[in-house]
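K.L.:
My file is start.pdb. It has PDB, C-alpha atoms, pLDDT in the B column:
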ATOM      1  CA  MET A  15       0.000   0.000   0.000  1.00 80.00           C
ATOM      2  CA  ARG A  16       2.725   2.459   0.971  1.00 84.00           C
ATOM      3  CA  ASP A  17       4.813   1.339  -1.976  1.00 88.00           C
ATOM      4  CA  ALA A  18       1.902   1.802  -4.362  1.00 92.00           C
ATOM      5  CA  ALA A  19       1.261   5.302  -3.003  1.00 92.00           C
ATOM      6  CA  PHE A  20       4.948   6.118  -3.262  1.00 92.00           C
ATOM      7  CA  PHE A  21       5.111   4.918  -6.868  1.00 93.00           C
ATOM      8  CA  LEU A  22       2.010   6.903  -7.821  1.00 94.00           C
ATOM      9  CA  LEU A  23       3.322  10.072  -6.151  1.00 94.00           C
ATOM     10  CA  ALA A  24       6.715   9.652  -7.824  1.00 94.00           C
ATOM     11  CA  VAL A  25       5.070   9.334 -11.240  1.00 95.00           C
ATOM     12  CA  VAL A  26       2.921  12.447 -10.670  1.00 95.00           C
ATOM     13  CA  MET A  27       5.929  14.353  -9.327  1.00 94.00           C
ATOM     14  CA  LEU A  28       8.279  13.538 -12.182  1.00 94.00           C
ATOM     15  CA  SER A  29       5.710  14.046 -14.919  1.00 95.00           C
ATOM     16  CA  GLY A  30       4.782  17.396 -13.370  1.00 94.00           C
ATOM     17  CA  ALA A  31       8.478  18.283 -13.377  1.00 94.00           C
ATOM     18  CA  ALA A  32       8.731  17.240 -17.039  1.00 94.00           C
ATOM     19  CA  VAL A  33       5.785  19.515 -17.863  1.00 93.00           C
ATOM     20  CA  VAL A  34       7.532  22.411 -16.086  1.00 92.00           C
ATOM     21  CA  VAL A  35      10.635  22.183 -18.262  1.00 91.00           C
ATOM     22  CA  THR A  36       9.002  21.305 -21.587  1.00 90.00           C
ATOM     23  CA  ALA A  37       5.642  23.122 -21.803  1.00 87.00           C
ATOM     24  CA  ARG A  38       5.582  26.066 -24.196  1.00 86.00           C
ATOM     25  CA  SER A  39       2.842  27.846 -22.267  1.00 86.00           C
ATOM     26  CA  LEU A  40       4.109  29.225 -18.972  1.00 88.00           C
ATOM     27  CA  VAL A  41       0.722  28.847 -17.288  1.00 89.00           C
ATOM     28  CA  ARG A  42       0.855  25.167 -18.177  1.00 90.00           C
ATOM     29  CA  ALA A  43       4.356  24.990 -16.697  1.00 91.00           C
ATOM     30  CA  ALA A  44       3.102  26.647 -13.499  1.00 92.00           C
ATOM     31  CA  PHE A  45       0.353  24.056 -13.137  1.00 92.00           C
ATOM     32  CA  GLY A  46       2.886  21.292 -13.794  1.00 93.00           C
ATOM     33  CA  LEU A  47       4.858  22.730 -10.890  1.00 93.00           C
ATOM     34  CA  ALA A  48       1.688  22.683  -8.790  1.00 93.00           C
ATOM     35  CA  ALA A  49       1.249  18.972  -9.525  1.00 94.00           C
ATOM     36  CA  ALA A  50       4.878  18.265  -8.614  1.00 94.00           C
ATOM     37  CA  LEU A  51       4.615  20.259  -5.371  1.00 94.00           C
ATOM     38  CA  VAL A  52       1.361  18.629  -4.251  1.00 94.00           C
ATOM     39  CA  ALA A  53       2.833  15.194  -4.987  1.00 95.00           C
ATOM     40  CA  THR A  54       5.839  16.199  -2.889  1.00 94.00           C
ATOM     41  CA  ALA A  55       3.455  17.090  -0.066  1.00 94.00           C
ATOM     42  CA  GLY A  56       2.008  13.585  -0.354  1.00 94.00           C
ATOM     43  CA  MET A  57       5.496  12.183  -0.152  1.00 93.00           C
ATOM     44  CA  TYR A  58       6.127  14.222   3.016  1.00 92.00           C
ATOM     45  CA  LEU A  59       3.052  12.498   4.465  1.00 91.00           C
ATOM     46  CA  LEU A  60       4.544   9.130   3.573  1.00 91.00           C
ATOM     47  CA  LEU A  61       7.793  10.224   5.246  1.00 89.00           C
ATOM     48  CA  THR A  62       5.777  10.744   8.477  1.00 88.00           C
ATOM     49  CA  ALA A  63       5.977  14.567   8.394  1.00 88.00           C
ATOM     50  CA  PRO A  64       2.365  15.794   8.196  1.00 88.00           C
ATOM     51  CA  LEU A  65       3.249  19.319   9.367  1.00 89.00           C
ATOM     52  CA  LEU A  66       5.588  19.761   6.418  1.00 90.00           C
ATOM     53  CA  ALA A  67       2.939  18.450   4.039  1.00 92.00           C
ATOM     54  CA  ALA A  68       0.543  21.142   5.281  1.00 92.00           C
ATOM     55  CA  VAL A  69       3.204  23.866   5.068  1.00 90.00           C
ATOM     56  CA  GLN A  70       4.165  22.709   1.591  1.00 91.00           C
ATOM     57  CA  ILE A  71       0.606  23.007   0.312  1.00 92.00           C
ATOM     58  CA  LEU A  72      -0.165  26.275   2.107  1.00 91.00           C
ATOM     59  CA  LEU A  73       3.061  28.179   1.504  1.00 87.00           C
ATOM     60  CA  TYR A  74       4.588  26.616  -1.559  1.00 85.00           C
ATOM     61  CA  THR A  75       1.646  25.589  -3.668  1.00 87.00           C
ATOM     62  CA  GLY A  76      -0.657  28.325  -2.411  1.00 87.00           C
ATOM     63  CA  GLY A  77       1.709  31.261  -1.993  1.00 85.00           C
ATOM     64  CA  VAL A  78       4.441  30.718  -4.552  1.00 85.00           C
ATOM     65  CA  LEU A  79       2.182  29.598  -7.368  1.00 87.00           C
ATOM     66  CA  THR A  80      -0.179  32.515  -6.876  1.00 87.00           C
ATOM     67  CA  LEU A  81       2.812  34.848  -7.163  1.00 85.00           C
ATOM     68  CA  VAL A  82       4.096  33.030 -10.243  1.00 86.00           C
ATOM     69  CA  VAL A  83       0.763  33.091 -12.073  1.00 87.00           C
ATOM     70  CA  PHE A  84       0.433  36.767 -11.223  1.00 85.00           C
ATOM     71  CA  ALA A  85       3.916  37.435 -12.637  1.00 85.00           C
ATOM     72  CA  ILE A  86       3.110  35.476 -15.806  1.00 85.00           C
ATOM     73  CA  VAL A  87       0.001  37.590 -16.314  1.00 85.00           C
ATOM     74  CA  VAL A  88       1.976  40.823 -15.871  1.00 82.00           C
ATOM     75  CA  VAL A  89       5.142  39.886 -17.780  1.00 80.00           C
ATOM     76  CA  GLY A  90       3.496  37.882 -20.544  1.00 77.00           C
ATOM     77  CA  GLY A  91       4.179  34.210 -20.945  1.00 70.00           C
ATOM     78  CA  GLU A  92       4.826  33.824 -24.640  1.00 73.00           C
ATOM     79  CA  VAL A  93       8.272  33.421 -26.195  1.00 72.00           C
ATOM     80  CA  VAL A  94       8.980  34.148 -29.842  1.00 72.00           C
ATOM     81  CA  GLY A  95      10.942  31.242 -31.283  1.00 73.00           C
ATOM     82  CA  PRO A  96      11.880  28.037 -29.470  1.00 77.00           C
ATOM     83  CA  ALA A  97      11.105  27.658 -25.768  1.00 74.00           C
ATOM     84  CA  THR A  98      14.532  26.180 -25.041  1.00 78.00           C
ATOM     85  CA  ARG A  99      18.073  27.037 -26.006  1.00 78.00           C
ATOM     86  CA  LYS A 100      20.836  24.482 -26.688  1.00 79.00           C
ATOM     87  CA  PRO A 101      18.643  21.697 -25.226  1.00 83.00           C
ATOM     88  CA  TRP A 102      21.124  18.912 -25.952  1.00 87.00           C
ATOM     89  CA  ALA A 103      23.927  20.466 -23.957  1.00 89.00           C
ATOM     90  CA  ALA A 104      21.494  20.916 -21.058  1.00 89.00           C
ATOM     91  CA  VAL A 105      20.317  17.301 -21.376  1.00 91.00           C
ATOM     92  CA  VAL A 106      23.918  16.069 -21.215  1.00 93.00           C
ATOM     93  CA  ALA A 107      24.675  18.276 -18.214  1.00 92.00           C
ATOM     94  CA  SER A 108      21.622  17.172 -16.247  1.00 92.00           C
ATOM     95  CA  ILE A 109      22.114  13.477 -17.039  1.00 94.00           C
ATOM     96  CA  ALA A 110      25.758  13.758 -15.974  1.00 94.00           C
ATOM     97  CA  THR A 111      24.693  15.449 -12.718  1.00 93.00           C
ATOM     98  CA  PHE A 112      22.139  12.730 -12.086  1.00 93.00           C
ATOM     99  CA  ALA A 113      24.700   9.996 -12.783  1.00 94.00           C
ATOM    100  CA  VAL A 114      27.315  11.459 -10.427  1.00 94.00           C
ATOM    101  CA  LEU A 115      24.823  12.051  -7.590  1.00 92.00           C
ATOM    102  CA  ALA A 116      23.121   8.664  -8.073  1.00 91.00           C
ATOM    103  CA  ARG A 117      26.503   6.984  -7.806  1.00 92.00           C
ATOM    104  CA  GLY A 118      26.981   8.684  -4.467  1.00 90.00           C
ATOM    105  CA  VAL A 119      23.470   7.798  -3.290  1.00 88.00           C
ATOM    106  CA  SER A 120      23.905   4.148  -4.248  1.00 88.00           C
ATOM    107  CA  ARG A 121      26.750   3.894  -1.738  1.00 87.00           C
ATOM    108  CA  ILE A 122      24.669   5.174   1.198  1.00 81.00           C
ATOM    109  CA  ASP A 123      23.824   2.473   3.700  1.00 81.00           C
ATOM    110  CA  PHE A 124      21.834   3.720   6.669  1.00 78.00           C
ATOM    111  CA  GLY A 125      19.973   0.554   7.508  1.00 77.00           C
ATOM    112  CA  PRO A 126      16.185   0.452   7.909  1.00 81.00           C
ATOM    113  CA  PRO A 127      14.495   3.875   8.236  1.00 79.00           C
ATOM    114  CA  VAL A 128      13.572   5.003  11.756  1.00 80.00           C
ATOM    115  CA  GLY A 129      10.727   7.406  10.906  1.00 75.00           C
ATOM    116  CA  GLY A 130       8.788   9.036  13.725  1.00 75.00           C
ATOM    117  CA  LEU A 131       8.937  12.613  12.447  1.00 76.00           C
ATOM    118  CA  ASP A 132       5.259  13.174  13.311  1.00 77.00           C
ATOM    119  CA  ALA A 133       5.912  14.155  16.923  1.00 75.00           C
ATOM    120  CA  GLY A 134       3.780  17.292  16.828  1.00 76.00           C
ATOM    121  CA  ALA A 135       4.123  18.484  20.419  1.00 80.00           C
ATOM    122  CA  GLU A 136       7.849  17.864  20.573  1.00 80.00           C
ATOM    123  CA  LEU A 137       8.305  19.664  17.253  1.00 81.00           C
ATOM    124  CA  GLY A 138       6.332  22.656  18.506  1.00 81.00           C
ATOM    125  CA  VAL A 139       8.322  22.909  21.725  1.00 83.00           C
ATOM    126  CA  SER A 140      11.598  22.599  19.857  1.00 81.00           C
ATOM    127  CA  LEU A 141      10.636  25.184  17.240  1.00 80.00           C
ATOM    128  CA  PHE A 142       8.874  27.793  19.349  1.00 82.00           C
ATOM    129  CA  VAL A 143      10.311  27.427  22.842  1.00 83.00           C
ATOM    130  CA  ARG A 144      13.473  25.450  23.292  1.00 84.00           C
ATOM    131  CA  ASP A 145      15.929  25.278  20.418  1.00 85.00           C
ATOM    132  CA  TYR A 146      14.910  27.379  17.461  1.00 88.00           C
ATOM    133  CA  MET A 147      13.027  30.335  18.906  1.00 88.00           C
ATOM    134  CA  VAL A 148      15.529  33.003  17.835  1.00 90.00           C
ATOM    135  CA  PRO A 149      16.015  31.626  14.290  1.00 90.00           C
ATOM    136  CA  PHE A 150      12.238  31.468  13.925  1.00 89.00           C
ATOM    137  CA  GLU A 151      11.869  35.124  14.867  1.00 91.00           C
ATOM    138  CA  LEU A 152      14.753  36.031  12.548  1.00 92.00           C
ATOM    139  CA  LEU A 153      12.890  34.221   9.800  1.00 91.00           C
ATOM    140  CA  SER A 154       9.900  36.504  10.294  1.00 91.00           C
ATOM    141  CA  VAL A 155      12.233  39.511   9.983  1.00 93.00           C
ATOM    142  CA  LEU A 156      13.609  38.014   6.754  1.00 92.00           C
ATOM    143  CA  LEU A 157      10.107  37.580   5.369  1.00 91.00           C
ATOM    144  CA  LEU A 158       9.219  41.153   6.277  1.00 93.00           C
ATOM    145  CA  ALA A 159      12.382  42.404   4.567  1.00 93.00           C
ATOM    146  CA  ALA A 160      11.571  40.335   1.489  1.00 91.00           C
ATOM    147  CA  VAL A 161       8.038  41.718   1.294  1.00 89.00           C
ATOM    148  CA  VAL A 162       9.234  45.330   1.672  1.00 92.00           C
ATOM    149  CA  GLY A 163      12.031  44.726  -0.848  1.00 90.00           C
ATOM    150  CA  ALA A 164       9.664  43.178  -3.361  1.00 87.00           C
ATOM    151  CA  LEU A 165       7.263  46.107  -2.996  1.00 87.00           C
ATOM    152  CA  VAL A 166      10.041  48.663  -3.467  1.00 87.00           C
ATOM    153  CA  LEU A 167      11.474  46.850  -6.484  1.00 84.00           C
ATOM    154  CA  ALA A 168       8.159  46.349  -8.253  1.00 79.00           C
ATOM    155  CA  ARG A 169       6.853  49.867  -7.602  1.00 80.00           C
ATOM    156  CA  LYS A 170       5.815  51.734 -10.723  1.00 74.00           C
ATOM    157  CA  ASP A 171       7.399  55.096 -10.017  1.00 67.00           C
ATOM    158  CA  PRO A 172      10.619  54.998  -7.922  1.00 58.00           C
ATOM    159  CA  SER A 173      10.496  58.724  -7.107  1.00 59.00           C
ATOM    160  CA  ALA A 174       6.990  58.690  -5.636  1.00 50.00           C
TER
ATOM    161  CA  MET B  18       9.528   2.464   0.138  1.00 77.00           C
ATOM    162  CA  SER B  19      13.217   2.657   0.914  1.00 85.00           C
ATOM    163  CA  LEU B  20      15.498   5.617   1.501  1.00 87.00           C
ATOM    164  CA  HIS B  21      17.223   4.943  -1.810  1.00 89.00           C
ATOM    165  CA  ALA B  22      13.960   5.074  -3.764  1.00 90.00           C
ATOM    166  CA  VAL B  23      13.060   8.484  -2.312  1.00 92.00           C
ATOM    167  CA  LEU B  24      16.560   9.815  -2.918  1.00 93.00           C
ATOM    168  CA  TYR B  25      16.552   8.627  -6.527  1.00 94.00           C
ATOM    169  CA  VAL B  26      13.205  10.345  -7.132  1.00 94.00           C
ATOM    170  CA  ALA B  27      14.600  13.535  -5.588  1.00 95.00           C
ATOM    171  CA  LEU B  28      17.709  13.266  -7.764  1.00 95.00           C
ATOM    172  CA  ALA B  29      15.616  12.795 -10.894  1.00 95.00           C
ATOM    173  CA  MET B  30      13.582  15.888 -10.031  1.00 95.00           C
ATOM    174  CA  PHE B  31      16.806  17.810  -9.356  1.00 95.00           C
ATOM    175  CA  ALA B  32      18.211  16.787 -12.757  1.00 95.00           C
ATOM    176  CA  ILE B  33      14.990  17.765 -14.549  1.00 95.00           C
ATOM    177  CA  GLY B  34      15.088  21.145 -12.813  1.00 94.00           C
ATOM    178  CA  LEU B  35      18.726  21.593 -13.806  1.00 94.00           C
ATOM    179  CA  TYR B  36      17.793  20.944 -17.427  1.00 94.00           C
ATOM    180  CA  GLY B  37      15.085  23.600 -17.161  1.00 92.00           C
ATOM    181  CA  VAL B  38      17.465  26.147 -15.620  1.00 92.00           C
ATOM    182  CA  LEU B  39      20.018  25.583 -18.372  1.00 92.00           C
ATOM    183  CA  ALA B  40      17.693  25.332 -21.355  1.00 90.00           C
ATOM    184  CA  ARG B  41      14.566  27.450 -20.847  1.00 88.00           C
ATOM    185  CA  ARG B  42      14.596  30.900 -22.411  1.00 86.00           C
ATOM    186  CA  HIS B  43      11.862  32.642 -20.409  1.00 87.00           C
ATOM    187  CA  VAL B  44      12.875  34.089 -17.033  1.00 88.00           C
ATOM    188  CA  VAL B  45       9.790  32.848 -15.197  1.00 89.00           C
ATOM    189  CA  ALA B  46      10.314  29.341 -16.610  1.00 90.00           C
ATOM    190  CA  VAL B  47      13.868  29.377 -15.225  1.00 91.00           C
ATOM    191  CA  LEU B  48      12.488  30.447 -11.823  1.00 91.00           C
ATOM    192  CA  LEU B  49       9.964  27.585 -11.943  1.00 92.00           C
ATOM    193  CA  SER B  50      12.813  25.154 -12.683  1.00 93.00           C
ATOM    194  CA  ILE B  51      14.777  26.556  -9.734  1.00 93.00           C
ATOM    195  CA  GLU B  52      11.709  25.823  -7.585  1.00 92.00           C
ATOM    196  CA  LEU B  53      11.852  22.230  -8.800  1.00 93.00           C
ATOM    197  CA  MET B  54      15.490  21.968  -7.720  1.00 94.00           C
ATOM    198  CA  PHE B  55      14.691  23.500  -4.304  1.00 94.00           C
ATOM    199  CA  ASN B  56      11.863  21.045  -3.877  1.00 93.00           C
ATOM    200  CA  ALA B  57      14.106  18.111  -4.763  1.00 95.00           C
ATOM    201  CA  GLY B  58      16.660  19.273  -2.203  1.00 95.00           C
ATOM    202  CA  ASN B  59      13.977  19.573   0.494  1.00 94.00           C
ATOM    203  CA  LEU B  60      12.721  16.095  -0.312  1.00 94.00           C
ATOM    204  CA  ALA B  61      16.225  14.636  -0.048  1.00 94.00           C
ATOM    205  CA  VAL B  62      16.840  16.332   3.312  1.00 94.00           C
ATOM    206  CA  LEU B  63      13.534  15.094   4.676  1.00 93.00           C
ATOM    207  CA  ALA B  64      14.181  11.579   3.386  1.00 92.00           C
ATOM    208  CA  LEU B  65      17.500  11.463   5.226  1.00 91.00           C
ATOM    209  CA  ALA B  66      15.885  12.859   8.389  1.00 90.00           C
ATOM    210  CA  TRP B  67      13.162  10.201   8.095  1.00 91.00           C
ATOM    211  CA  SER B  68      15.771   7.505   7.705  1.00 89.00           C
ATOM    212  CA  ARG B  69      17.560   8.555  10.906  1.00 87.00           C
ATOM    213  CA  GLY B  70      14.503   9.740  12.869  1.00 84.00           C
ATOM    214  CA  LEU B  71      15.906  13.265  13.265  1.00 85.00           C
ATOM    215  CA  LEU B  72      13.309  15.895  14.119  1.00 87.00           C
ATOM    216  CA  SER B  73      15.720  18.716  13.312  1.00 87.00           C
ATOM    217  CA  GLY B  74      15.520  17.745   9.643  1.00 88.00           C
ATOM    218  CA  VAL B  75      11.837  18.718   9.659  1.00 90.00           C
ATOM    219  CA  ILE B  76      12.746  22.110  11.086  1.00 90.00           C
ATOM    220  CA  LEU B  77      15.495  22.569   8.492  1.00 92.00           C
ATOM    221  CA  VAL B  78      13.042  21.897   5.668  1.00 92.00           C
ATOM    222  CA  LEU B  79      10.489  24.208   7.285  1.00 91.00           C
ATOM    223  CA  PHE B  80      13.032  27.038   7.316  1.00 92.00           C
ATOM    224  CA  ALA B  81      14.124  26.234   3.756  1.00 92.00           C
ATOM    225  CA  ILE B  82      10.529  26.472   2.514  1.00 91.00           C
ATOM    226  CA  ALA B  83      10.012  29.828   4.227  1.00 90.00           C
ATOM    227  CA  ILE B  84      13.260  31.214   2.793  1.00 91.00           C
ATOM    228  CA  THR B  85      12.266  29.954  -0.653  1.00 90.00           C
ATOM    229  CA  VAL B  86       9.040  31.932  -0.429  1.00 88.00           C
ATOM    230  CA  ALA B  87      11.045  35.089   0.341  1.00 90.00           C
ATOM    231  CA  GLU B  88      13.371  34.326  -2.564  1.00 90.00           C
ATOM    232  CA  VAL B  89      10.461  33.887  -4.962  1.00 89.00           C
ATOM    233  CA  ALA B  90       8.883  37.186  -3.887  1.00 89.00           C
ATOM    234  CA  VAL B  91      12.096  39.144  -4.456  1.00 90.00           C
ATOM    235  CA  GLY B  92      13.023  37.218  -7.614  1.00 89.00           C
ATOM    236  CA  LEU B  93       9.662  37.768  -9.257  1.00 89.00           C
ATOM    237  CA  SER B  94       9.736  41.478  -8.493  1.00 89.00           C
ATOM    238  CA  LEU B  95      13.205  41.627 -10.082  1.00 88.00           C
ATOM    239  CA  VAL B  96      11.731  39.866 -13.118  1.00 87.00           C
ATOM    240  CA  LEU B  97       8.921  42.417 -13.266  1.00 86.00           C
ATOM    241  CA  LEU B  98      11.452  45.236 -13.074  1.00 86.00           C
ATOM    242  CA  ALA B  99      13.673  43.781 -15.815  1.00 83.00           C
ATOM    243  CA  ALA B 100      10.697  43.039 -18.037  1.00 83.00           C
ATOM    244  CA  ARG B 101       9.381  46.563 -17.591  1.00 82.00           C
ATOM    245  CA  ARG B 102      12.749  48.120 -18.440  1.00 80.00           C
ATOM    246  CA  SER B 103      13.629  46.125 -21.542  1.00 78.00           C
ATOM    247  CA  ARG B 104      10.111  45.066 -22.587  1.00 77.00           C
ATOM    248  CA  THR B 105      11.043  41.403 -22.767  1.00 77.00           C
ATOM    249  CA  ALA B 106      11.260  38.479 -20.382  1.00 77.00           C
ATOM    250  CA  VAL B 107      13.466  36.287 -22.583  1.00 79.00           C
ATOM    251  CA  LEU B 108      16.876  35.771 -21.013  1.00 78.00           C
ATOM    252  CA  ASP B 109      18.881  36.073 -24.243  1.00 76.00           C
ATOM    253  CA  ASP B 110      17.368  39.470 -24.971  1.00 77.00           C
ATOM    254  CA  LEU B 111      17.883  40.693 -21.403  1.00 77.00           C
ATOM    255  CA  SER B 112      21.682  40.589 -21.541  1.00 76.00           C
ATOM    256  CA  GLU B 113      23.032  44.104 -21.923  1.00 74.00           C
ATOM    257  CA  LEU B 114      26.776  43.492 -21.818  1.00 70.00           C
ATOM    258  CA  LYS B 115      28.137  42.940 -25.299  1.00 67.00           C
ATOM    259  CA  GLY B 116      31.353  41.097 -26.002  1.00 59.00           C
TER
END
Would you write out, as structure tokens, the structure that this file holds?
P.N.:
Amino acid sequence: MRDAAFFLLAVVMLSGAAVVVTARSLVRAAFGLAAALVATAGMYLLLTAPLLAAVQILLYTGGVLTLVVFAIVVVGGEVVGPATRKPWAAVVASIATFAVLARGVSRIDFGPPVGGLDAGAELGVSLFVRDYMVPFELLSVLLLAAVVGALVLARKDPSA
Amino acid sequence: MSLHAVLYVALAMFAIGLYGVLARRHVVAVLLSIELMFNAGNLAVLALAWSRGLLSGVILVLFAIAITVAEVAVGLSLVLLAARRSRTAVLDDLSELKG
């Protein structure tokens, strides 16, 4: 059952990724990314991390994709001429990267997986109280800075 | 479902994203491919954390996702700015240095 779900999610994820890099229409590519991200959220569930699955769907799929679709509408998604440039060189580079990394992965031997990442209360205490309180607050400052920076950059008239 | 299977899927997604970053001509398409690579990295980190039962891996991925959102917001506004200035969003036409 878990293996079947994993296989299905992997197929959805990789075909969504293939749509992202091959589709001519950028909106289509964005929805391919949505499929890949939601399938990743499902895989987080299988990896016993339900909190991350929720964050992935809320932040990544909800937030990022809304931004991307908005940008496509503003910028315009059509490209005159081919959608890719020197595709064969890129294919060779990515296959070589995959081969090198897969060789490294094939040598990993960690034994049977332990799991148990779904410890909600312990995660909350560690994140908000005990270990990572200051980094978490710094993260909110980073997000604020990013929002202000994005607003300043995208403003129509810099002198106003 | 073994650790190796998850890692291979993450690697495949990383390689597909790398192809997109290298080959796509539209800026937003390159950003989407970068998102794929980020996502593959997150998946690999979480798979390793799952294999060892490390809760800190979850927190690392949580932080990575939040930082990615900030990166996308700033990156897309840079894209908007560049597209407004040179009236194109195709990377080859955006290069201004000649040589």
K.L.:
Contacts of Val45 of chain B at 10 Å or less, counting only C-alpha atoms, minus same-chain residues fewer than 5 places along, as an mmCIF file with C-alpha atoms, keeping the file's coordinate frame?
P.N.:
data_model
loop_
_atom_site.group_PDB
_atom_site.id
_atom_site.type_symbol
_atom_site.label_atom_id
_atom_site.label_comp_id
_atom_site.auth_asym_id
_atom_site.auth_seq_id
_atom_site.Cartn_x
_atom_site.Cartn_y
_atom_site.Cartn_z
ATOM 1 C CA LEU A 40 4.109 29.225 -18.972
ATOM 2 C CA ALA A 43 4.356 24.990 -16.697
ATOM 3 C CA ALA A 44 3.102 26.647 -13.499
ATOM 4 C CA VAL A 82 4.096 33.030 -10.243
ATOM 5 C CA VAL A 83 0.763 33.091 -12.073
ATOM 6 C CA ALA A 85 3.916 37.435 -12.637
ATOM 7 C CA ILE A 86 3.110 35.476 -15.806
ATOM 8 C CA VAL A 89 5.142 39.886 -17.780
ATOM 9 C CA GLY A 90 3.496 37.882 -20.544
ATOM 10 C CA GLY A 91 4.179 34.210 -20.945
ATOM 11 C CA SER B 50 12.813 25.154 -12.683
ATOM 12 C CA ILE B 51 14.777 26.556 -9.734
ATOM 13 C CA GLY B 92 13.023 37.218 -7.614
ATOM 14 C CA LEU B 93 9.662 37.768 -9.257
ATOM 15 C CA VAL B 96 11.731 39.866 -13.118
ATOM 16 C CA LEU B 97 8.921 42.417 -13.266
ATOM 17 C CA ALA B 106 11.260 38.479 -20.382
ATOM 18 C CA VAL B 107 13.466 36.287 -22.583
ATOM 19 C CA LEU B 108 16.876 35.771 -21.013
#
K.L.:
Neighbouring residues of segment 24-27 of chain A were defined as those with any atom within 10 Å, considering only C-alpha atoms; residues of the same chain fewer than 6 positions away were excluded. Please report them as a VMD selection string.
P.N.:
(chain A and resid 18 33 46 to 57) or (chain B and resid 22 to 23 25 to 27 29 to 30 53)
K.L.:
Which one of B:Leu111, B:Leu28, B:Ser103, B:Phe55 sits closest to chain A if you count all atoms listed in the file?
P.N.:
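Distance minimum relative to chain A lands on B:Leu28.
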K.L.:
Hey, can you check how far atom CA of Val89 of chain B sits from atom CA of Thr80 of chain A?
P.N.:
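So the answer is 10.9 Å.
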K.L.:
Please expand the PyMOL selection byres ((chain B) within 6 of (chain A)) into the concrete residues it hits in this file, giving the result as a tab-separated table (two decimals) with C-alpha atoms, keeping the file's coordinate frame.
P.N.:
chain	number	residue	atom	x	y	z
B	18	MET	CA	9.53	2.46	0.14
B	32	ALA	CA	18.21	16.79	-12.76
B	35	LEU	CA	18.73	21.59	-13.81
B	36	TYR	CA	17.79	20.94	-17.43
B	37	GLY	CA	15.08	23.60	-17.16
B	39	LEU	CA	20.02	25.58	-18.37
B	40	ALA	CA	17.69	25.33	-21.36
B	41	ARG	CA	14.57	27.45	-20.85
B	42	ARG	CA	14.60	30.90	-22.41
B	67	TRP	CA	13.16	10.20	8.10
B	68	SER	CA	15.77	7.50	7.70
B	69	ARG	CA	17.56	8.56	10.91
B	70	GLY	CA	14.50	9.74	12.87
B	72	LEU	CA	13.31	15.90	14.12
B	87	ALA	CA	11.04	35.09	0.34
B	91	VAL	CA	12.10	39.14	-4.46
B	94	SER	CA	9.74	41.48	-8.49
B	98	LEU	CA	11.45	45.24	-13.07
K.L.:
Find the axis-aligned box for segment 74-77 of chain A, covering all its listed atoms and adding 3 Å on each side, and write its centre and edge lengths in Å to one decimal as lines of an AutoDock Vina configuration file.
P.N.:
center_x = 2.0
center_y = 28.4
center_z = -2.6
size_x = 11.2
size_y = 11.7
size_z = 8.1
K.L.:
In Å to one decimal, how far is atom CA of Val62 of chain B from atom CA of Gly74 of chain B?
P.N.:
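Distance reported for this atom pair: 6.6 Å.
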K.L.:
What is the distance, in Å and to one decimal place, between atom CA of Phe45 of chain A and atom CA of Asn56 of chain B?
P.N.:
15.1 Å
K.L.:
With distances taken over all atoms listed in the file, which residue among B:Ala57, B:Ala81, B:Ala64, B:Leu48 lies nearest Ser19 of chain B?
P.N.:
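With all atoms listed in the file as the atom set, the closest residue is B:Ala64.
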